[in-house]
Protein chains: 2
Amino acid sequence: MTSGDQPPRRSGRPGDPRRPGRRADHQRRPGRRPGANETREAILVAAREAFAAHGYEKATIRGIARAAAVDPALVHHFYGPKEDVFKAAVGDVLAPIAEVVGATQPGANPAQTAARLASALVALWEHEPTKGALLGALRAAVTSDTAAALMRQIVEEHAVAAIAASTEQPDAELRANLIGATIVGTALLRHVLEVEPVASLDERRLAAVLGGAIGYYLGAELDGPGGA
Amino acid sequence: MTSGDQPPRRSGRPGDPRRPGRRADHQRRPGRRPGANETREAILVAAREAFAAHGYEKATIRGIARAAAVDPALVHHFYGPKEDVFKAAVGDVLAPIAEVVGATQPGANPAQTAARLASALVALWEHEPTKGALLGALRAAVTSDTAAALMRQIVEEHAVAAIAASTEQPDAELRANLIGATIVGTALLRHVLEVEPVASLDERRLAAVLGGAIGYYLGAELDGPGGA
DNA sequence: GATTAAATTCAACACGCGATGAGTTCCGTG
DNA sequence: CACGGAACTCATCGCGTGTTGAATTTAATC
């Protein structure tokens with residue numbers, strides 16, 4: 001599950017008195033920490049999880065900092081303003097995905113292509129850190145226009161082009177769109193809405209089902225079985 | 001810059017220069033407006049548009065009030081806290097949808113069922129006010145756990161049940177999930193990400209394509225042509 | 001060992017949010 | 001015409017956010 005961290009509250013004792021000016025809240029002393037330097041990466045991981053769990057707007061710098069056991073100012077010091085934190089956490093993982101998706105073998109038949117594509121996509125969606133990055137990107141794309149534009153660009157330039165190149169059917173781009181819609185929609189039902197039974201489906205079965213659907217889109221008469 | 005700055009005073013400031021009737025910034029005067037009473041509905045419309053455009057978190061009461069040419073307090077006065085505003089704007093339109101979706105004729109063959117379902121869904125997604133409500137619900141479900149739970153409930157109890165009742169195939173619920181994923185995913189690519197060419201597809205074609213896909217899900221071997 | 005650089009925290013800022021409560025104007029009823 | 005209540009605004013509170021600058025501690029360099 002993605003319920004790794006809680007949104008606003010630090011899980012602790014109930015009945016926090018919330019004294020203003022109380023020193024008991026802060027524990028760490030200022031200044032550089034002794035030992036190895038691992039905070040930078042910890043912030044990135046925490047950011048990835050936070051964006052995946054809450055989306056762009058609702059994920060807070062303060063929450064990320066809390067999860068990384070760090071002061072909020074340090075996040076900003078390392079990665080700049082929030083948008084750059086998002087890019088650093090999500091973008092770097094998201095970029096090489098098109099490569100994986102686009103790795104279609106020329107000359108393979110549609111069924112093979114569909115099966116390959118489906119298992120590759122399921123592998124990406126089911127395992128960290130790509131899962132977190134994809135979920136974060138999806139949640140962010142729905143909330144923020146900037147993220148939506150970014151994701152549209154990725155989808156159009158890479159995924160659609162790659163899929164379109166693997167079929168000789170007309171309306172290749174439309175077919176690629178529908179495949180993308182199926183992938184994204186399934187991920188949404190499975191990981192965000194957590195609708196049963198697709199939320200609990202095991203990976204192999206999910207890959208098989210999606211492979212069948214992708215195969216359909218690659219080969220079908222697009223206007224339905226009743227069309228000319 | 002700290003010199004000469006006045007510290008923020010909290011409560012207990014008695015020397016407030018109360019100038020009744022003096023408004024430098026505001027234009028509308030307080031009190032009931034003359035003429036007919038149309039503000040209530042205007043707020044609802046503005047709220048629906050705001051939630052559809054920005055999602056639950058990013059849509060603000062102040063923004064809704066501004067769009068309705070009204071004071072923010074009036075929104076709260078009519079519809080209560082923000083969550084209730086959302087329910088009033090989105091929920092009321094969303095509720096009767098299951099009826100439309102569930103209106104499957106018993107005894108119809110899968111192709112007919114698929115076509116009916118597809119055109120009904122497209123009609124809902126393409127025209128106000130259901131379009132705004134659905135978009136708002138989708139955007140909200142991705143951002144807010146409460147909205148996600150609400151949408152899961154709607155999807156599971158109504159749509160899935162209705163679709164499952166219209167086929168005798170095994171795994172009826174899974175098939176319904178996949179149909180839902182296709183619908184939601186397509187709506188996302190079309191209306192949120194605005195990926196081409198599906199974003200510009202005309203309604204009739206969209207309904208035909210989705211009808212074909214739904215027909216596939218209603219009848220296919222779920223584990224793909226190469227499965228088993 | 002002294003100096004510079006990097007890591008880290010602290011305190012506070014300015015802003016926008018949702019929410020109140022009190023005040024003002026109009027409508028509907030008697 | 002009086003009067004209660006509905007519509008409507010104003011001013012403000014308290015909170016959480018992203019961001020900033022200064023202070024402090026350790027590591028790296030010469």
# chains A, B, ... in the order shown; residues from 1 in each chain; ligands from 1
call {"tool": "residues_around", "arguments": {"residues": "stretch 9-24 of chain D", "least_positions_apart": "2", "cutoff": "10 Å", "atoms": "only C-alpha atoms (C1' of nucleotides)", "output": "count of residues only"}}
result
50
call {"tool": "interface_residues", "arguments": {"of": "chain B", "to": "chain A", "cutoff": "6 Å", "atoms": "only C-alpha atoms", "output": "VMD selection string"}}
result
chain B and resid 148 152 174 181 to 182 184 to 186 193 195 197 208 to 209 212 222 to 224
call {"tool": "write_last_selection", "arguments": {"atoms": "C-alpha atoms", "output": "PDB file, in the first residue's frame"}}
result
ATOM      1  CA  ALA B 148     -11.679   8.986  -3.297  1.00  0.00           C
ATOM      2  CA  ARG B 152     -14.980   4.248  -4.907  1.00  0.00           C
ATOM      3  CA  LEU B 174     -13.114  -7.408 -13.078  1.00  0.00           C
ATOM      4  CA  ALA B 181     -10.699   2.191 -16.155  1.00  0.00           C
ATOM      5  CA  THR B 182     -11.093   2.732 -19.889  1.00  0.00           C
ATOM      6  CA  VAL B 184     -11.911   7.203 -16.666  1.00  0.00           C
ATOM      7  CA  GLY B 185      -8.591   6.924 -18.451  1.00  0.00           C
ATOM      8  CA  THR B 186     -10.035   8.209 -21.689  1.00  0.00           C
ATOM      9  CA  LEU B 193      -4.136  16.003 -20.032  1.00  0.00           C
ATOM     10  CA  VAL B 195      -3.546  14.522 -25.323  1.00  0.00           C
ATOM     11  CA  PRO B 197      -5.752  13.031 -31.010  1.00  0.00           C
ATOM     12  CA  ALA B 208     -18.039   4.196 -31.358  1.00  0.00           C
ATOM     13  CA  VAL B 209     -14.492   3.543 -30.232  1.00  0.00           C
ATOM     14  CA  GLY B 212     -15.948  -1.345 -29.317  1.00  0.00           C
ATOM     15  CA  LEU B 222      -9.665 -12.071 -20.168  1.00  0.00           C
ATOM     16  CA  ASP B 223      -6.180 -13.547 -20.096  1.00  0.00           C
ATOM     17  CA  GLY B 224      -5.471 -12.583 -23.648  1.00  0.00           C
TER      18      GLY B 224
END
call {"tool": "atom_distance", "arguments": {"atom1": "atom CA of A:Ala95", "atom2": "atom CA of A:Leu44"}}
result
15.8 Å
call {"tool": "closest_residue", "arguments": {"among": "A:Val122, A:His77, A:Gly132, A:Pro34", "to": "A:Ala46", "atoms": "only C-alpha atoms"}}
result
A:Gly132
call {"tool": "residues_around", "arguments": {"residues": "C:DT29", "least_positions_apart": "3", "cutoff": "12 Å", "atoms": "only C-alpha atoms (C1' of nucleotides)", "output": "ChimeraX atom specification"}}
result
/D:1-5
call {"tool": "write_last_selection", "arguments": {"atoms": "N, CA and C atoms (P, O5', C5', C4', C3', O3' and C1' of nucleotides)", "output": "PDB file, in the first residue's frame"}}
result
ATOM      1  P    DC D   1     -46.446  54.183   5.260  1.00  0.00           P
ATOM      2  O5'  DC D   1     -46.304  53.961   6.790  1.00  0.00           O
ATOM      3  C5'  DC D   1     -47.470  53.804   7.628  1.00  0.00           C
ATOM      4  C4'  DC D   1     -47.141  52.752   8.678  1.00  0.00           C
ATOM      5  C3'  DC D   1     -45.636  52.568   8.874  1.00  0.00           C
ATOM      6  O3'  DC D   1     -45.440  52.233  10.239  1.00  0.00           O
ATOM      7  C1'  DC D   1     -46.553  50.540   8.167  1.00  0.00           C
ATOM      8  P    DA D   2     -44.238  52.747  11.072  1.00  0.00           P
ATOM      9  O5'  DA D   2     -43.997  51.460  11.979  1.00  0.00           O
ATOM     10  C5'  DA D   2     -45.101  50.936  12.728  1.00  0.00           C
ATOM     11  C4'  DA D   2     -44.948  49.432  12.885  1.00  0.00           C
ATOM     12  C3'  DA D   2     -43.562  48.958  13.358  1.00  0.00           C
ATOM     13  O3'  DA D   2     -43.746  47.945  14.315  1.00  0.00           O
ATOM     14  C1'  DA D   2     -44.142  47.841  11.367  1.00  0.00           C
ATOM     15  P    DC D   3     -42.586  47.644  15.381  1.00  0.00           P
ATOM     16  O5'  DC D   3     -42.472  46.049  15.324  1.00  0.00           O
ATOM     17  C5'  DC D   3     -43.357  45.306  14.472  1.00  0.00           C
ATOM     18  C4'  DC D   3     -42.657  44.078  13.936  1.00  0.00           C
ATOM     19  C3'  DC D   3     -41.195  43.923  14.359  1.00  0.00           C
ATOM     20  O3'  DC D   3     -40.908  42.546  14.441  1.00  0.00           O
ATOM     21  C1'  DC D   3     -41.291  43.998  12.049  1.00  0.00           C
ATOM     22  P    DG D   4     -40.286  41.890  15.744  1.00  0.00           P
ATOM     23  O5'  DG D   4     -39.822  40.441  15.257  1.00  0.00           O
ATOM     24  C5'  DG D   4     -40.791  39.501  14.819  1.00  0.00           C
ATOM     25  C4'  DG D   4     -40.324  38.792  13.551  1.00  0.00           C
ATOM     26  C3'  DG D   4     -38.941  38.146  13.673  1.00  0.00           C
ATOM     27  O3'  DG D   4     -39.011  36.863  13.061  1.00  0.00           O
ATOM     28  C1'  DG D   4     -39.000  39.579  11.805  1.00  0.00           C
ATOM     29  P    DG D   5     -37.936  35.706  13.467  1.00  0.00           P
ATOM     30  O5'  DG D   5     -37.450  35.197  12.043  1.00  0.00           O
ATOM     31  C5'  DG D   5     -38.358  35.166  10.956  1.00  0.00           C
ATOM     32  C4'  DG D   5     -37.661  35.503   9.666  1.00  0.00           C
ATOM     33  C3'  DG D   5     -36.262  34.876   9.526  1.00  0.00           C
ATOM     34  O3'  DG D   5     -36.171  34.305   8.237  1.00  0.00           O
ATOM     35  C1'  DG D   5     -36.169  37.148   9.023  1.00  0.00           C
TER      36       DG D   5
END
call {"tool": "closest_residue", "arguments": {"among": "A:Gly91, A:Gly63, A:Glu203, A:Val75", "to": "A:Ala133", "atoms": "only C-alpha atoms"}}
result
A:Gly91
call {"tool": "residues_around", "arguments": {"residues": "A:Ala88", "least_positions_apart": "5", "cutoff": "9 Å", "atoms": "only C-alpha atoms (C1' of nucleotides)", "output": "PyMOL selection string"}}
result
chain A and resi 44+47-48+79+83+93
call {"tool": "decode", "arguments": {"residues": "chain D", "atoms": "C-alpha atoms (C1' of nucleotides)", "output": "PDB file, in the first residue's frame"}}
result
ATOM      1  C1'  DC D   1     -46.553  50.540   8.167  1.00  0.00           C
ATOM      2  C1'  DA D   2     -44.142  47.841  11.367  1.00  0.00           C
ATOM      3  C1'  DC D   3     -41.291  43.998  12.049  1.00  0.00           C
ATOM      4  C1'  DG D   4     -39.000  39.579  11.805  1.00  0.00           C
ATOM      5  C1'  DG D   5     -36.169  37.148   9.023  1.00  0.00           C
ATOM      6  C1'  DA D   6     -33.472  36.274   4.873  1.00  0.00           C
ATOM      7  C1'  DA D   7     -29.814  37.990   1.998  1.00  0.00           C
ATOM      8  C1'  DC D   8     -25.539  40.150   1.977  1.00  0.00           C
ATOM      9  C1'  DT D   9     -21.017  42.393   3.367  1.00  0.00           C
ATOM     10  C1'  DC D  10     -17.234  43.680   6.548  1.00  0.00           C
ATOM     11  C1'  DA D  11     -13.479  43.020   9.453  1.00  0.00           C
ATOM     12  C1'  DT D  12     -10.832  39.854  11.491  1.00  0.00           C
ATOM     13  C1'  DC D  13      -9.095  35.556  13.579  1.00  0.00           C
ATOM     14  C1'  DG D  14      -6.126  31.501  13.571  1.00  0.00           C
ATOM     15  C1'  DC D  15      -3.653  28.403  10.919  1.00  0.00           C
ATOM     16  C1'  DG D  16      -0.594  26.350   7.565  1.00  0.00           C
ATOM     17  C1'  DT D  17       2.130  27.241   3.764  1.00  0.00           C
ATOM     18  C1'  DG D  18       6.614  28.360   1.015  1.00  0.00           C
ATOM     19  C1'  DT D  19      10.412  31.026   1.570  1.00  0.00           C
ATOM     20  C1'  DT D  20      14.323  33.744   3.550  1.00  0.00           C
ATOM     21  C1'  DG D  21      18.480  35.287   6.306  1.00  0.00           C
ATOM     22  C1'  DA D  22      21.203  34.726  10.063  1.00  0.00           C
ATOM     23  C1'  DA D  23      23.414  31.709  13.340  1.00  0.00           C
ATOM     24  C1'  DT D  24      25.832  27.393  14.410  1.00  0.00           C
ATOM     25  C1'  DT D  25      28.338  23.175  13.741  1.00  0.00           C
ATOM     26  C1'  DT D  26      31.131  19.994  11.187  1.00  0.00           C
ATOM     27  C1'  DA D  27      34.128  18.744   7.139  1.00  0.00           C
ATOM     28  C1'  DA D  28      37.694  19.954   3.749  1.00  0.00           C
ATOM     29  C1'  DT D  29      41.670  22.495   2.429  1.00  0.00           C
ATOM     30  C1'  DC D  30      46.103  24.640   2.836  1.00  0.00           C
TER      31       DC D  30
END
